[in-house]
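The structure appears right after this line, and notes come after that.
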Amino acid sequence: MKIGNFIIDVTPPVGNAIAFGINEKTDFPISIRGVIIDDGKTRVVLAACDFINILGKAYGQMRKVIANAAGTEAKNVFLHSLHQHDSVRIALELNEVYRQCTGREITPLSYYNKINEELKLAVSQAADNLRAVKNVATAERRISGLASNRRLLDKNGKVYAMRFAMCTDPKLQKEPTGLIDPVLRSIGFIGSDNKLLAIMHFYASHPQTAYHRNRCSSDVPGFALDYAARHCGNDAFQIYFTGCGGNVTFGKYYKGETSFKRFGERLGRELVENCNHLELKSPGKITVKHALFELPLKMEMNEKDLLDRLNKAEKANEKISLTRRLVIAGNWEKWKKVSISRISIGEDVNIMSLPDETVVEYQLYAQSLIPEKFLACAAYADTADGSYIPTAVMYNEGGYEPGGCTMTTAEVEPRMRAAIDKVLKDLQ
């Protein structure tokens, strides 16, 4: 087995659009980090982007750029966003409406093309400089103070409040933590000199402490990775993936703008602990499993109705929101099928790649199917519809995720569970 790593800076210039405004100042640079893993027969790439999401055709294009540069197939490239809100939205199909409503593109082509050119070069260099892996290793660490469920239910089982990432209501912060996955999971690769070459970390919580500030930032993950790189005591390449944290945030523990550094250091210390407490595994062959399923589009995503509403809209934000839905509805035949994937390294190390903004229930369900095996989850892969994937019961409970922020119906849960079952079946 061999491994290589790459990183490129994708911090947008001042004046460039970011997800919720304009980049007037960079707080913390954003990047794309990735690893190439090769067992001699199969080569996979896992990449983590400091973007809020990658929507539509850009996702497929970027995977192909990485695949060609790495010398593998696009289906073996697992491209994930981390979902920081003060970062960039990659959505080529939305450029025209943003240009009309705001005077600038949401994803300027010059910026997007530069990303792909730099990715091509960095990945090619990594593929030419793979290093031998002697052992694979894992660590699982239960941590606290970095995750809380944001869906607060009343005695009738209905959502009465949402505890968002920047919650400042003391009453909501006193509510119980709720359903989370408290485990930080890490996968390390040990070289022939017994030194750690690279390590991937996985944790399920919204990664932001701030947004709507017109400041680009990689937020807590960026700070934590920087902390880990400075305190691990070696030159190991650090990479972080956001798990199924669609309904999980820092909200219970948020204490204002100082939370960024506090959460970053807290997560960074936990990353270092996992670096220092790895359990060796024997490297084995790489296995990749995919299961496609179709997202069920809700009736409100009707093109005619959306167009009628758009023609009556007056505010720029409303026009952007409706046009985004029109773009999704118009491309649904191409975008409606998404993939759940599993990457296994030998018999003991497993990673699941999930689409969209997936709630934590799906991560816990997947782990319940193979409770005695190591399974790390990374969400925010293909985000063609750029929306949440709730559970079926959430549509009756109400709240943010199944409301205007999902494009799907309750039928999504059995379809997604069936796809999870399929990719994990041979591990049970």
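Within each chain, counting starts at residue 1; across the structure tokens, chains are named A, B, ... in the order shown, with ligands numbered 1 upward in that order.
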Point to revise | For region 77-84 of chain A: contacts at 8 Å, only C-alpha atoms, fewer than 6 positions along chain excluded, given as a list in words | key: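 The residues satisfying every condition are Val44, Val45, Leu46, Ala47, Ala48, Cys49, Asp50, Phe51, Ile52, Asn53, Ile54, Tyr59, Arg63, Ile66, Ala67, His206, Pro207, Gln208, Ser217, Ser218, Asp219, Phe241, Thr242, Ser353, Ala378, Ala379, Tyr380, Ala381 and Asp382 of chain A.
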Enumerate the residues of region 199-418 of chain A with a DSSP assignment of helix (DSSP H, G or I), computed from the backbone, and present them as a PDB file with C-alpha atoms, in the first residue's frame.
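Everything below was put into out31.pdb:
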```pdb
ATOM      1  CA  ASP A 219     -13.661  28.257  10.802  1.00  0.00           C
ATOM      2  CA  VAL A 220     -13.216  25.568  13.460  1.00  0.00           C
ATOM      3  CA  PRO A 221     -11.865  22.758  11.208  1.00  0.00           C
ATOM      4  CA  GLY A 222      -9.177  25.024   9.762  1.00  0.00           C
ATOM      5  CA  PHE A 223      -8.056  26.204  13.196  1.00  0.00           C
ATOM      6  CA  ALA A 224      -8.137  22.641  14.577  1.00  0.00           C
ATOM      7  CA  LEU A 225      -6.069  21.212  11.723  1.00  0.00           C
ATOM      8  CA  ASP A 226      -3.523  23.987  12.122  1.00  0.00           C
ATOM      9  CA  TYR A 227      -3.368  23.262  15.861  1.00  0.00           C
ATOM     10  CA  ALA A 228      -2.928  19.523  15.249  1.00  0.00           C
ATOM     11  CA  ALA A 229      -0.167  20.097  12.701  1.00  0.00           C
ATOM     12  CA  ARG A 230       1.726  22.199  15.248  1.00  0.00           C
ATOM     13  CA  HIS A 231       1.254  19.842  18.206  1.00  0.00           C
ATOM     14  CA  GLY A 251     -25.150  25.741  19.635  1.00  0.00           C
ATOM     15  CA  LYS A 252     -25.450  24.490  23.225  1.00  0.00           C
ATOM     16  CA  TYR A 253     -21.874  25.595  23.932  1.00  0.00           C
ATOM     17  CA  SER A 259     -16.021  30.508  20.418  1.00  0.00           C
ATOM     18  CA  PHE A 260     -14.037  30.194  17.186  1.00  0.00           C
ATOM     19  CA  LYS A 261     -10.685  29.946  18.939  1.00  0.00           C
ATOM     20  CA  ARG A 262     -12.069  28.006  21.907  1.00  0.00           C
ATOM     21  CA  PHE A 263     -13.785  25.373  19.743  1.00  0.00           C
ATOM     22  CA  GLY A 264     -10.814  25.251  17.361  1.00  0.00           C
ATOM     23  CA  GLU A 265      -8.362  24.559  20.152  1.00  0.00           C
ATOM     24  CA  ARG A 266     -10.729  22.057  21.749  1.00  0.00           C
ATOM     25  CA  LEU A 267     -11.145  20.092  18.539  1.00  0.00           C
ATOM     26  CA  GLY A 268      -7.438  20.443  17.769  1.00  0.00           C
ATOM     27  CA  ARG A 269      -6.494  18.903  21.123  1.00  0.00           C
ATOM     28  CA  GLU A 270      -8.808  15.978  20.434  1.00  0.00           C
ATOM     29  CA  LEU A 271      -7.227  15.457  16.994  1.00  0.00           C
ATOM     30  CA  VAL A 272      -3.813  15.349  18.660  1.00  0.00           C
ATOM     31  CA  GLU A 273      -5.052  12.801  21.206  1.00  0.00           C
ATOM     32  CA  ASN A 274      -6.193  10.537  18.393  1.00  0.00           C
ATOM     33  CA  CYS A 275      -2.822  10.982  16.664  1.00  0.00           C
ATOM     34  CA  ASN A 276      -1.137   9.817  19.852  1.00  0.00           C
ATOM     35  CA  MET A 299     -44.475  18.610  -5.124  1.00  0.00           C
ATOM     36  CA  GLU A 300     -43.610  22.214  -4.243  1.00  0.00           C
ATOM     37  CA  MET A 301     -40.627  21.865  -6.595  1.00  0.00           C
ATOM     38  CA  GLU A 303     -41.316  24.293 -12.361  1.00  0.00           C
ATOM     39  CA  LYS A 304     -44.532  26.086 -13.352  1.00  0.00           C
ATOM     40  CA  ASP A 305     -45.392  27.093  -9.784  1.00  0.00           C
ATOM     41  CA  LEU A 306     -41.827  28.188  -9.086  1.00  0.00           C
ATOM     42  CA  LEU A 307     -41.790  30.322 -12.222  1.00  0.00           C
ATOM     43  CA  ASP A 308     -45.092  31.967 -11.271  1.00  0.00           C
ATOM     44  CA  ARG A 309     -43.706  32.798  -7.835  1.00  0.00           C
ATOM     45  CA  LEU A 310     -40.465  34.085  -9.346  1.00  0.00           C
ATOM     46  CA  ASN A 311     -42.338  36.479 -11.635  1.00  0.00           C
ATOM     47  CA  LYS A 312     -44.054  37.982  -8.583  1.00  0.00           C
ATOM     48  CA  ALA A 316     -33.226  39.801  -4.519  1.00  0.00           C
ATOM     49  CA  ASN A 317     -32.881  37.046  -1.890  1.00  0.00           C
ATOM     50  CA  GLU A 318     -36.304  35.655  -2.774  1.00  0.00           C
ATOM     51  CA  LYS A 319     -35.452  35.684  -6.482  1.00  0.00           C
ATOM     52  CA  ILE A 320     -32.185  33.883  -5.817  1.00  0.00           C
ATOM     53  CA  SER A 321     -33.896  31.255  -3.660  1.00  0.00           C
ATOM     54  CA  LEU A 322     -36.648  30.594  -6.219  1.00  0.00           C
ATOM     55  CA  THR A 323     -34.218  30.527  -9.144  1.00  0.00           C
ATOM     56  CA  ARG A 324     -32.047  28.054  -7.277  1.00  0.00           C
ATOM     57  CA  ARG A 325     -35.072  25.810  -6.928  1.00  0.00           C
ATOM     58  CA  LEU A 326     -35.903  26.272 -10.604  1.00  0.00           C
ATOM     59  CA  VAL A 327     -32.378  25.220 -11.542  1.00  0.00           C
ATOM     60  CA  ILE A 328     -32.679  22.136  -9.368  1.00  0.00           C
ATOM     61  CA  ALA A 329     -36.134  21.245 -10.748  1.00  0.00           C
ATOM     62  CA  GLY A 330     -34.936  21.767 -14.324  1.00  0.00           C
ATOM     63  CA  TRP A 332     -33.696  16.897 -11.682  1.00  0.00           C
ATOM     64  CA  GLU A 333     -33.557  14.099 -14.251  1.00  0.00           C
ATOM     65  CA  LYS A 334     -29.752  14.431 -14.269  1.00  0.00           C
ATOM     66  CA  TRP A 335     -29.283  15.065 -10.560  1.00  0.00           C
ATOM     67  CA  VAL A 360     -26.978  12.212  12.258  1.00  0.00           C
ATOM     68  CA  GLU A 361     -29.601   9.439  12.466  1.00  0.00           C
ATOM     69  CA  TYR A 362     -28.249   7.934   9.228  1.00  0.00           C
ATOM     70  CA  GLN A 363     -24.683   7.812  10.559  1.00  0.00           C
ATOM     71  CA  LEU A 364     -25.856   6.096  13.737  1.00  0.00           C
ATOM     72  CA  TYR A 365     -27.967   3.686  11.704  1.00  0.00           C
ATOM     73  CA  ALA A 366     -25.004   2.720   9.511  1.00  0.00           C
ATOM     74  CA  GLN A 367     -22.808   2.126  12.545  1.00  0.00           C
ATOM     75  CA  SER A 368     -25.526   0.026  14.179  1.00  0.00           C
ATOM     76  CA  LEU A 369     -25.347  -2.423  11.273  1.00  0.00           C
ATOM     77  CA  MET A 394     -39.038  14.828  10.968  1.00  0.00           C
ATOM     78  CA  TYR A 395     -41.634  15.790   8.369  1.00  0.00           C
ATOM     79  CA  ASN A 396     -44.290  15.372  11.080  1.00  0.00           C
ATOM     80  CA  GLU A 397     -42.193  16.951  13.819  1.00  0.00           C
ATOM     81  CA  VAL A 412     -36.165   9.579   1.185  1.00  0.00           C
ATOM     82  CA  GLU A 413     -35.547   7.631   4.412  1.00  0.00           C
ATOM     83  CA  PRO A 414     -36.388   4.086   3.244  1.00  0.00           C
ATOM     84  CA  ARG A 415     -34.464   4.692   0.025  1.00  0.00           C
ATOM     85  CA  MET A 416     -31.401   5.949   1.831  1.00  0.00           C
ATOM     86  CA  ARG A 417     -31.498   3.200   4.437  1.00  0.00           C
ATOM     87  CA  ALA A 418     -31.720   0.613   1.653  1.00  0.00           C
TER      88      ALA A 418
END
```
Check your understanding: Please, what distance in Å, to one decimal, runs between CA of Ser387 (chain A) and CA of Glu105 (chain A)?
Key ->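 Taking CA of Ser387 (chain A) and CA of Glu105 (chain A), their separation equals 20.7 Å.
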Exercise for review: List the neighbours of Asp426 (chain A) out to 12 Å using only C-alpha atoms; skip same-chain residues closer than 6 positions along the sequence, and give me the result as a list in words.
Suggested key: Thr287, Val288, Lys289, Arg342, Ser344, Glu347, Leu369, Ile370 and Ile420 of chain A
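From CA of Ala126 (chain A) back to CA of Leu280 (chain A), the distance works out to 24.6 Å.
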Quick one: contact table of region 92-133 of chain A to region 21-26 of chain A, 10 Å max, nearest atom pair and distance in Å to one decimal per residue, counting only C-alpha atoms, chain and number order, as JSON lines?
```
{"residue": "A:Thr102", "atom": "CA", "partner": "A:Gly21", "partner_atom": "CA", "distance": 9.8}
{"residue": "A:Arg104", "atom": "CA", "partner": "A:Ile22", "partner_atom": "CA", "distance": 9.6}
{"residue": "A:Ile106", "atom": "CA", "partner": "A:Gly21", "partner_atom": "CA", "distance": 9.1}
```
Exercise for review: Name the residues of region 104-342 of chain A that fall into strand (DSSP E) according to DSSP on the backbone, using the chain letters and numbers of this document, as number ranges by chain.
Suggested key: A: 131-142, 148-149, 151-153, 159-162, 183-191, 196-203, 215-217, 237-242, 248-249, 279-281, 286-294, 337-342
Residues from the last selection, C-alpha atoms, saved as a short mmCIF file (atom, residue, chain, number, x, y, z; two decimals), in the first residue's frame:
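What ended up in again18.cif:
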```cif
data_model
loop_
_atom_site.label_atom_id
_atom_site.label_comp_id
_atom_site.auth_asym_id
_atom_site.auth_seq_id
_atom_site.Cartn_x
_atom_site.Cartn_y
_atom_site.Cartn_z
CA ARG A 131 5.05 6.71 -0.07
CA ALA A 132 5.01 3.16 1.26
CA VAL A 133 2.55 2.35 4.03
CA LYS A 134 3.63 -0.21 6.62
CA ASN A 135 0.52 -0.10 8.80
CA VAL A 136 -2.92 1.44 8.91
CA ALA A 137 -4.14 2.56 12.32
CA THR A 138 -7.38 3.83 13.84
CA ALA A 139 -8.47 5.78 16.90
CA GLU A 140 -11.91 6.43 18.36
CA ARG A 141 -12.34 9.03 21.08
CA ARG A 142 -15.52 10.14 22.81
CA SER A 148 -25.60 19.29 20.36
CA ASN A 149 -28.78 18.41 18.53
CA ARG A 151 -34.01 20.09 17.09
CA LEU A 152 -35.79 20.70 20.41
CA LEU A 153 -39.10 18.84 20.77
CA VAL A 159 -40.21 21.04 17.22
CA TYR A 160 -40.72 24.11 19.40
CA ALA A 161 -37.30 25.69 18.82
CA MET A 162 -34.13 25.28 16.78
CA VAL A 183 -17.12 9.91 18.76
CA LEU A 184 -14.20 11.45 16.87
CA ARG A 185 -12.80 8.80 14.52
CA SER A 186 -9.38 8.93 12.92
CA ILE A 187 -7.49 6.78 10.38
CA GLY A 188 -3.72 7.00 10.29
CA PHE A 189 -1.14 5.68 7.81
CA ILE A 190 2.23 4.61 9.21
CA GLY A 191 5.36 4.65 7.03
CA LEU A 196 2.78 8.80 10.87
CA LEU A 197 2.52 9.86 7.22
CA ALA A 198 -1.08 11.06 7.11
CA ILE A 199 -4.21 10.97 9.23
CA MET A 200 -7.89 11.51 8.39
CA HIS A 201 -10.35 12.70 11.06
CA PHE A 202 -14.16 12.40 11.03
CA TYR A 203 -16.67 14.14 13.31
CA ARG A 215 -15.18 37.35 5.92
CA CYS A 216 -13.90 34.15 4.38
CA SER A 217 -12.95 31.49 6.93
CA PHE A 237 -0.59 15.34 6.84
CA GLN A 238 -3.84 16.22 8.61
CA ILE A 239 -7.25 16.13 6.92
CA TYR A 240 -10.75 16.53 8.39
CA PHE A 241 -14.20 15.44 7.17
CA THR A 242 -17.59 16.58 8.48
CA VAL A 248 -26.04 18.84 15.01
CA THR A 249 -24.27 22.11 15.92
CA GLU A 279 -4.29 1.22 17.24
CA LEU A 280 -2.36 -0.58 14.53
CA LYS A 281 -4.17 -2.54 11.84
CA ILE A 286 -8.99 -1.54 -0.95
CA THR A 287 -12.64 -2.35 -1.62
CA VAL A 288 -15.13 0.16 -3.00
CA LYS A 289 -18.91 -0.34 -2.97
CA HIS A 290 -21.53 2.03 -4.41
CA ALA A 291 -25.33 2.10 -4.12
CA LEU A 292 -27.36 4.61 -6.11
CA PHE A 293 -30.76 5.78 -4.94
CA GLU A 294 -33.21 8.33 -6.23
CA LYS A 337 -29.74 9.84 -8.42
CA VAL A 338 -27.06 10.10 -5.76
CA SER A 339 -24.67 7.59 -4.29
CA ILE A 340 -23.86 6.09 -0.92
CA SER A 341 -20.36 4.64 -1.07
CA ARG A 342 -18.12 2.56 1.17
#
```
Exercise for review: Work out how far CA of Thr11 (chain A) is from CA of Lys64 (chain A), in Å to one decimal.
Suggested key: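 Pair CA of Lys64 (chain A) / CA of Thr11 (chain A) returns 21.8 Å.
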Check your understanding: Which is closest to Ile3 (chain A) among A:Pro176, A:Pro108, A:Gly233, A:Pro283, if we use only C-alpha atoms?
Key ->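 Between A:Pro176, A:Pro108, A:Gly233, A:Pro283, the residue approaching Ile3 (chain A) most closely is A:Pro283.
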Check your understanding: Of the candidates A:Ile343, A:Ala384, A:Val359, A:Met166, which shows the shortest atom-to-atom distance to Gly245 (chain A), using only C-alpha atoms?
Key ->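 That would be A:Val359, the residue with the smallest distance to Gly245 (chain A).
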**Study point:** Gly71 (chain A) environment, 10 Å, only C-alpha atoms, sequence neighbours closer than 6 positions dropped, as an MDAnalysis selection string
**Key:** chainID A and resid 36 43:45 123:124 127:128
